[in-house]
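model-v4.cif follows; it contains mmCIF, N, CA and C atoms.
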```cif
data_protein
loop_
_atom_site.label_atom_id
_atom_site.label_comp_id
_atom_site.auth_asym_id
_atom_site.auth_seq_id
_atom_site.Cartn_x
_atom_site.Cartn_y
_atom_site.Cartn_z
N MET A 439 11.05 -4.34 -0.49
CA MET A 439 11.35 -4.52 -1.90
C MET A 439 12.86 -4.75 -2.04
N ASN A 440 13.24 -5.80 -2.73
CA ASN A 440 14.67 -6.08 -2.90
C ASN A 440 15.23 -5.35 -4.13
N ILE A 441 16.53 -5.38 -4.26
CA ILE A 441 17.23 -4.61 -5.31
C ILE A 441 16.80 -5.04 -6.72
N LYS A 442 16.56 -6.33 -6.90
CA LYS A 442 16.13 -6.82 -8.22
C LYS A 442 14.75 -6.27 -8.57
N GLU A 443 13.85 -6.24 -7.58
CA GLU A 443 12.51 -5.70 -7.81
C GLU A 443 12.57 -4.20 -8.13
N ILE A 444 13.44 -3.50 -7.42
CA ILE A 444 13.59 -2.06 -7.67
C ILE A 444 14.10 -1.82 -9.09
N LEU A 445 15.10 -2.59 -9.50
CA LEU A 445 15.65 -2.47 -10.85
C LEU A 445 14.57 -2.72 -11.90
N CYS A 446 13.83 -3.81 -11.74
CA CYS A 446 12.78 -4.15 -12.71
C CYS A 446 11.72 -3.06 -12.77
N GLU A 447 11.28 -2.60 -11.62
CA GLU A 447 10.27 -1.55 -11.56
C GLU A 447 10.75 -0.27 -12.22
N ASN A 448 12.00 0.10 -11.96
CA ASN A 448 12.53 1.33 -12.55
C ASN A 448 12.67 1.23 -14.06
N ILE A 449 13.07 0.07 -14.55
CA ILE A 449 13.18 -0.10 -16.01
C ILE A 449 11.81 0.08 -16.65
N VAL A 450 10.80 -0.57 -16.08
CA VAL A 450 9.45 -0.47 -16.64
C VAL A 450 8.95 0.98 -16.58
N LYS A 451 9.05 1.61 -15.41
CA LYS A 451 8.53 2.97 -15.25
C LYS A 451 9.24 3.95 -16.17
N ARG A 452 10.56 3.88 -16.22
CA ARG A 452 11.31 4.82 -17.06
C ARG A 452 11.03 4.57 -18.54
N ARG A 453 10.93 3.31 -18.93
CA ARG A 453 10.65 2.98 -20.33
C ARG A 453 9.30 3.56 -20.74
N LYS A 454 8.30 3.37 -19.90
CA LYS A 454 6.96 3.87 -20.21
C LYS A 454 6.93 5.40 -20.19
N LYS A 455 7.66 5.99 -19.26
CA LYS A 455 7.69 7.46 -19.13
C LYS A 455 8.19 8.12 -20.41
N ILE A 456 9.17 7.50 -21.06
CA ILE A 456 9.70 8.10 -22.29
C ILE A 456 9.00 7.57 -23.54
N GLY A 457 7.97 6.73 -23.35
CA GLY A 457 7.17 6.25 -24.47
C GLY A 457 7.85 5.23 -25.34
N LEU A 458 8.66 4.40 -24.72
CA LEU A 458 9.40 3.37 -25.45
C LEU A 458 8.75 2.02 -25.21
N SER A 459 8.52 1.27 -26.27
CA SER A 459 7.94 -0.06 -26.12
C SER A 459 9.02 -1.04 -25.66
N GLN A 460 8.58 -2.17 -25.13
CA GLN A 460 9.53 -3.22 -24.74
C GLN A 460 10.35 -3.65 -25.95
N ALA A 461 9.67 -3.82 -27.07
CA ALA A 461 10.35 -4.27 -28.29
C ALA A 461 11.41 -3.27 -28.75
N ALA A 462 11.07 -1.98 -28.66
CA ALA A 462 12.02 -0.95 -29.09
C ALA A 462 13.24 -0.92 -28.17
N LEU A 463 13.01 -1.03 -26.86
CA LEU A 463 14.14 -1.05 -25.93
C LEU A 463 14.98 -2.31 -26.16
N ALA A 464 14.33 -3.43 -26.38
CA ALA A 464 15.05 -4.68 -26.65
C ALA A 464 15.94 -4.54 -27.88
N GLU A 465 15.39 -3.92 -28.92
CA GLU A 465 16.16 -3.72 -30.15
C GLU A 465 17.39 -2.84 -29.89
N ARG A 466 17.20 -1.76 -29.14
CA ARG A 466 18.32 -0.88 -28.82
C ARG A 466 19.39 -1.59 -28.00
N LEU A 467 18.95 -2.52 -27.15
CA LEU A 467 19.89 -3.25 -26.29
C LEU A 467 20.46 -4.49 -26.98
N GLN A 468 19.95 -4.77 -28.19
CA GLN A 468 20.35 -5.93 -28.98
C GLN A 468 20.08 -7.24 -28.23
N ILE A 469 18.86 -7.30 -27.67
CA ILE A 469 18.39 -8.52 -27.04
C ILE A 469 17.01 -8.83 -27.62
N THR A 470 16.51 -10.02 -27.38
CA THR A 470 15.19 -10.38 -27.89
C THR A 470 14.09 -9.71 -27.06
N PRO A 471 12.94 -9.48 -27.67
CA PRO A 471 11.82 -8.95 -26.90
C PRO A 471 11.45 -9.86 -25.72
N GLU A 472 11.60 -11.15 -25.91
CA GLU A 472 11.30 -12.10 -24.84
C GLU A 472 12.25 -11.90 -23.66
N ALA A 473 13.53 -11.66 -23.94
CA ALA A 473 14.50 -11.40 -22.88
C ALA A 473 14.15 -10.11 -22.14
N MET A 474 13.70 -9.09 -22.88
CA MET A 474 13.32 -7.82 -22.26
C MET A 474 12.13 -8.04 -21.32
N THR A 475 11.15 -8.81 -21.77
CA THR A 475 10.00 -9.12 -20.93
C THR A 475 10.44 -9.84 -19.66
N ARG A 476 11.33 -10.80 -19.80
CA ARG A 476 11.81 -11.56 -18.64
C ARG A 476 12.59 -10.67 -17.67
N ILE A 477 13.35 -9.71 -18.20
CA ILE A 477 14.07 -8.77 -17.34
C ILE A 477 13.08 -7.92 -16.56
N GLU A 478 12.09 -7.37 -17.25
CA GLU A 478 11.12 -6.50 -16.60
C GLU A 478 10.26 -7.24 -15.57
N LYS A 479 10.05 -8.51 -15.78
CA LYS A 479 9.26 -9.31 -14.82
C LYS A 479 10.13 -9.87 -13.70
N GLY A 480 11.45 -9.69 -13.81
CA GLY A 480 12.34 -10.17 -12.77
C GLY A 480 12.70 -11.64 -12.86
N HIS A 481 12.39 -12.25 -13.99
CA HIS A 481 12.73 -13.66 -14.17
C HIS A 481 14.21 -13.87 -14.45
N ILE A 482 14.81 -12.86 -15.09
CA ILE A 482 16.26 -12.86 -15.30
C ILE A 482 16.78 -11.46 -14.99
N SER A 483 18.04 -11.37 -14.72
CA SER A 483 18.67 -10.07 -14.47
C SER A 483 19.47 -9.66 -15.68
N PRO A 484 19.51 -8.36 -15.97
CA PRO A 484 20.34 -7.92 -17.10
C PRO A 484 21.81 -8.11 -16.77
N LYS A 485 22.60 -8.34 -17.77
CA LYS A 485 24.04 -8.46 -17.57
C LYS A 485 24.58 -7.13 -17.06
N ILE A 486 25.52 -7.20 -16.16
CA ILE A 486 26.14 -5.99 -15.61
C ILE A 486 26.70 -5.14 -16.74
N SER A 487 27.28 -5.78 -17.72
CA SER A 487 27.87 -5.05 -18.85
C SER A 487 26.82 -4.29 -19.66
N ARG A 488 25.55 -4.63 -19.50
CA ARG A 488 24.48 -4.00 -20.26
C ARG A 488 23.81 -2.85 -19.50
N LEU A 489 24.10 -2.71 -18.21
CA LEU A 489 23.43 -1.69 -17.40
C LEU A 489 23.65 -0.27 -17.92
N GLU A 490 24.85 0.03 -18.37
CA GLU A 490 25.12 1.37 -18.89
C GLU A 490 24.27 1.67 -20.11
N SER A 491 24.12 0.70 -20.98
CA SER A 491 23.30 0.88 -22.17
C SER A 491 21.82 1.03 -21.80
N ILE A 492 21.37 0.26 -20.82
CA ILE A 492 19.98 0.39 -20.36
C ILE A 492 19.76 1.80 -19.82
N ALA A 493 20.66 2.25 -18.95
CA ALA A 493 20.53 3.59 -18.36
C ALA A 493 20.54 4.67 -19.44
N ARG A 494 21.46 4.58 -20.36
CA ARG A 494 21.56 5.58 -21.43
C ARG A 494 20.26 5.63 -22.25
N ASN A 495 19.72 4.47 -22.57
CA ASN A 495 18.48 4.42 -23.36
C ASN A 495 17.26 4.88 -22.57
N LEU A 496 17.35 4.83 -21.24
CA LEU A 496 16.24 5.28 -20.39
C LEU A 496 16.49 6.68 -19.85
N HIS A 497 17.54 7.34 -20.34
CA HIS A 497 17.87 8.72 -19.99
C HIS A 497 18.09 8.90 -18.48
N CYS A 498 18.89 8.03 -17.91
CA CYS A 498 19.20 8.14 -16.48
C CYS A 498 20.59 7.58 -16.23
N SER A 499 21.02 7.65 -15.00
CA SER A 499 22.31 7.08 -14.62
C SER A 499 22.11 5.63 -14.17
N VAL A 500 23.17 4.86 -14.15
CA VAL A 500 23.08 3.48 -13.66
C VAL A 500 22.61 3.47 -12.20
N PRO A 501 23.18 4.32 -11.32
CA PRO A 501 22.69 4.30 -9.93
C PRO A 501 21.19 4.60 -9.82
N ALA A 502 20.66 5.42 -10.73
CA ALA A 502 19.23 5.74 -10.68
C ALA A 502 18.37 4.50 -10.92
N LEU A 503 18.89 3.55 -11.65
CA LEU A 503 18.13 2.31 -11.90
C LEU A 503 17.92 1.51 -10.62
N PHE A 504 18.77 1.75 -9.62
CA PHE A 504 18.72 0.98 -8.38
C PHE A 504 18.14 1.77 -7.21
N ARG A 505 17.67 3.00 -7.46
CA ARG A 505 17.10 3.81 -6.38
C ARG A 505 15.63 3.51 -6.22
N HIS A 506 15.22 3.40 -4.98
CA HIS A 506 13.80 3.19 -4.69
C HIS A 506 13.16 4.55 -4.45
N TYR A 507 12.16 4.88 -5.24
CA TYR A 507 11.45 6.15 -5.11
C TYR A 507 10.09 5.87 -4.49
N SER A 508 9.83 6.45 -3.34
CA SER A 508 8.53 6.30 -2.69
C SER A 508 7.49 7.11 -3.45
N GLU A 509 6.28 6.60 -3.48
CA GLU A 509 5.19 7.33 -4.14
C GLU A 509 5.00 8.69 -3.47
N GLY A 510 4.90 9.74 -4.27
CA GLY A 510 4.65 11.07 -3.75
C GLY A 510 5.87 11.73 -3.13
N LYS A 511 6.97 11.04 -3.04
CA LYS A 511 8.16 11.61 -2.41
C LYS A 511 9.27 11.64 -3.46
N THR A 512 9.91 12.80 -3.60
CA THR A 512 10.99 12.90 -4.57
C THR A 512 12.27 13.29 -3.86
N ASP A 513 13.34 12.84 -4.40
CA ASP A 513 14.66 13.20 -3.91
C ASP A 513 15.23 14.16 -4.94
N ASN A 514 15.15 15.46 -4.66
CA ASN A 514 15.53 16.48 -5.64
C ASN A 514 16.97 16.33 -6.11
N ALA A 515 17.87 15.98 -5.22
CA ALA A 515 19.26 15.82 -5.61
C ALA A 515 19.39 14.68 -6.63
N SER A 516 18.66 13.61 -6.44
CA SER A 516 18.70 12.49 -7.38
C SER A 516 18.11 12.87 -8.73
N ILE A 517 17.06 13.67 -8.70
CA ILE A 517 16.44 14.12 -9.94
C ILE A 517 17.43 14.97 -10.74
N ILE A 518 18.12 15.87 -10.05
CA ILE A 518 19.11 16.71 -10.72
C ILE A 518 20.26 15.87 -11.24
N LEU A 519 20.73 14.92 -10.44
CA LEU A 519 21.82 14.03 -10.86
C LEU A 519 21.42 13.27 -12.12
N ASP A 520 20.21 12.75 -12.15
CA ASP A 520 19.73 12.03 -13.33
C ASP A 520 19.65 12.95 -14.55
N ALA A 521 19.21 14.19 -14.34
CA ALA A 521 19.09 15.14 -15.44
C ALA A 521 20.45 15.49 -16.04
N LEU A 522 21.47 15.51 -15.20
CA LEU A 522 22.81 15.85 -15.67
C LEU A 522 23.53 14.67 -16.31
N SER A 523 23.05 13.48 -16.02
CA SER A 523 23.68 12.26 -16.52
C SER A 523 23.78 12.28 -18.05
N GLY A 524 24.93 11.96 -18.54
CA GLY A 524 25.13 11.89 -19.98
C GLY A 524 25.53 13.19 -20.65
N LEU A 525 25.48 14.29 -19.89
CA LEU A 525 25.90 15.57 -20.46
C LEU A 525 27.41 15.75 -20.28
N SER A 526 27.99 16.56 -21.13
CA SER A 526 29.41 16.85 -21.00
C SER A 526 29.66 17.61 -19.70
N GLU A 527 30.90 17.63 -19.25
CA GLU A 527 31.24 18.34 -18.02
C GLU A 527 30.93 19.83 -18.15
N ASP A 528 31.21 20.40 -19.32
CA ASP A 528 30.90 21.82 -19.54
C ASP A 528 29.40 22.09 -19.46
N ALA A 529 28.60 21.22 -20.05
CA ALA A 529 27.15 21.39 -20.01
C ALA A 529 26.65 21.25 -18.58
N GLN A 530 27.19 20.28 -17.84
CA GLN A 530 26.80 20.10 -16.45
C GLN A 530 27.11 21.35 -15.63
N THR A 531 28.31 21.90 -15.83
CA THR A 531 28.71 23.10 -15.11
C THR A 531 27.79 24.27 -15.44
N SER A 532 27.43 24.42 -16.70
CA SER A 532 26.54 25.50 -17.12
C SER A 532 25.17 25.38 -16.45
N ILE A 533 24.64 24.19 -16.41
CA ILE A 533 23.33 23.98 -15.80
C ILE A 533 23.39 24.22 -14.29
N ILE A 534 24.43 23.73 -13.65
CA ILE A 534 24.60 23.95 -12.21
C ILE A 534 24.67 25.44 -11.91
N ASN A 535 25.42 26.18 -12.73
CA ASN A 535 25.52 27.64 -12.53
C ASN A 535 24.16 28.32 -12.70
N LEU A 536 23.36 27.87 -13.67
CA LEU A 536 22.02 28.42 -13.86
C LEU A 536 21.14 28.16 -12.64
N VAL A 537 21.22 26.95 -12.10
CA VAL A 537 20.42 26.60 -10.92
C VAL A 537 20.85 27.45 -9.73
N LEU A 538 22.16 27.62 -9.56
CA LEU A 538 22.66 28.44 -8.46
C LEU A 538 22.20 29.88 -8.58
N GLU A 539 22.28 30.44 -9.78
CA GLU A 539 21.82 31.82 -10.00
C GLU A 539 20.33 31.96 -9.72
N ALA A 540 19.55 31.01 -10.20
CA ALA A 540 18.10 31.05 -9.95
C ALA A 540 17.79 30.93 -8.47
N SER A 541 18.52 30.08 -7.78
CA SER A 541 18.32 29.90 -6.34
C SER A 541 18.63 31.18 -5.58
N ARG A 542 19.74 31.81 -5.92
CA ARG A 542 20.12 33.08 -5.27
C ARG A 542 19.07 34.16 -5.53
N ALA A 543 18.58 34.24 -6.76
CA ALA A 543 17.57 35.24 -7.11
C ALA A 543 16.29 35.00 -6.32
N MET A 544 15.89 33.76 -6.16
CA MET A 544 14.66 33.44 -5.42
C MET A 544 14.85 33.73 -3.93
N GLN A 545 16.05 33.49 -3.42
CA GLN A 545 16.32 33.80 -2.03
C GLN A 545 16.25 35.29 -1.79
N ARG A 546 16.82 36.09 -2.71
CA ARG A 546 16.76 37.55 -2.59
C ARG A 546 15.32 38.03 -2.67
N GLN A 547 14.56 37.44 -3.57
CA GLN A 547 13.16 37.82 -3.76
C GLN A 547 12.34 37.52 -2.50
N SER A 548 12.61 36.40 -1.86
CA SER A 548 11.84 36.05 -0.67
C SER A 548 12.18 36.93 0.53
N LYS A 549 13.37 37.55 0.51
CA LYS A 549 13.77 38.47 1.60
C LYS A 549 13.10 39.84 1.46
N ASP A 550 12.74 40.18 0.22
CA ASP A 550 12.13 41.50 -0.05
C ASP A 550 10.68 41.56 0.37
#
```
File written out as C-alpha cells:
Amino acid sequence: MNIKEILCENIVKRRKKIGLSQAALAERLQITPEAMTRIEKGHISPKISRLESIARNLHCSVPALFRHYSEGKTDNASIILDALSGLSEDAQTSIINLVLEASRAMQRQSKD
C-alpha cells in the first residue's frame, strides 16, 4: 500500500468513525463534496496546506493520517499520541501523569 492509499483510507475510516458525512467534512474544509469524494478515492491529493485542517476535523494528528494500521494490530503509543493531539501542553501533561499513576498502581497490584 502506498502513502496516498494510506492517506485516503485513513481519511475515510476516521471520518466514518466519528460519524461525519463526506459533505459535512467537505463543508468544514471549505471544498466541494465532489473534491472530497475525489480525495477519498485517491483521484486527487489534498493540498499540503489543508492537512492540518483535515487532521483537526478528524480528531487526529497529521502524522496519524499517514500511518498504516494493520487489521487487529494496534500501536498503543500512536493511539496515545493521537488522543493527546490538539490538547494544550498542560492538559497533555495531566493526562500523561494520570496514565503513569495508573500504570504504577497496576504494576504494584500485579506484584501482590
Enter the distance from atom CA of Leu536 of chain A to atom CA of Arg494 of chain A, in Å, rounded to one decimal.
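Atom CA of Arg494 of chain A lies 24.1 Å from atom CA of Leu536 of chain A.
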Could you jot down the atom N of Lys479 of chain A to atom N of Cys498 of chain A separation for me, Å, one decimal place?
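Atom N of Cys498 of chain A lies at a distance of 18.9 Å from atom N of Lys479 of chain A.
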What is the distance between atom N of Ile482 of chain A and atom N of Ser499 of chain A, in Å to one decimal?
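Atom-to-atom, atom N of Ile482 of chain A and atom N of Ser499 of chain A are spaced 21.4 Å apart.
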Give as a list of chain:residue names the residues that the PyMOL selection byres (((chain A and resi 447 and name CA) around 12) and name CA) matches when applied to the coordinates above.
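For this structure, the PyMOL selection byres (((chain A and resi 447 and name CA) around 12) and name CA) resolves to A:Met439, A:Asn440, A:Ile441, A:Lys442, A:Glu443, A:Ile444, A:Leu445, A:Cys446, A:Asn448, A:Ile449, A:Val450, A:Lys451, A:Arg452, A:Arg453, A:Lys454, A:Ile477, A:Glu478, A:Lys479, A:Gly480, A:Ala502, A:Leu503, A:Phe504, A:Arg505, A:His506, A:Tyr507, A:Ser508.
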Closest of A:Arg466, A:Thr475, A:Asn514, A:Thr531 to Ser491 of chain A - atom-to-atom distances counting all atoms listed in the file:
A:Arg466
Chain A: residues DSSP assigns to helix (DSSP H, G or I), reported as JSON, numbers by chain
{"A": [441, 442, 443, 444, 445, 446, 447, 448, 449, 450, 451, 452, 453, 454, 455, 460, 461, 462, 463, 464, 465, 466, 467, 471, 472, 473, 474, 475, 476, 477, 478, 479, 486, 487, 488, 489, 490, 491, 492, 493, 494, 495, 500, 501, 502, 503, 514, 515, 516, 517, 518, 519, 520, 521, 522, 527, 528, 529, 530, 531, 532, 533, 534, 535, 536, 537, 538, 539, 540, 541, 542, 543, 544, 545, 546, 547, 548, 549]}
Residue among A:Ile534, A:Leu522, A:Glu465, A:Pro471 lying closest to Asn495 of chain A, counting only C-alpha atoms:
A:Glu465
Box for segment 490-495 of chain A: with edges along x, y and z, all listed atoms inside and 6 Å added on each side, what are the centre and edge lengths in Å to one decimal, as AutoDock Vina command-line options?
```
--center_x 21.2 --center_y 2.8 --center_z -20.9 --size_x 19.9 --size_y 17.6 --size_z 17.0
```
Report as a ChimeraX atom specification all protein, DNA and RNA residues lying within 7 Å of Gln460 of chain A, evaluated on only C-alpha atoms, omitting residues in the same chain fewer than 3 positions from it.
/A:463-464,471,474
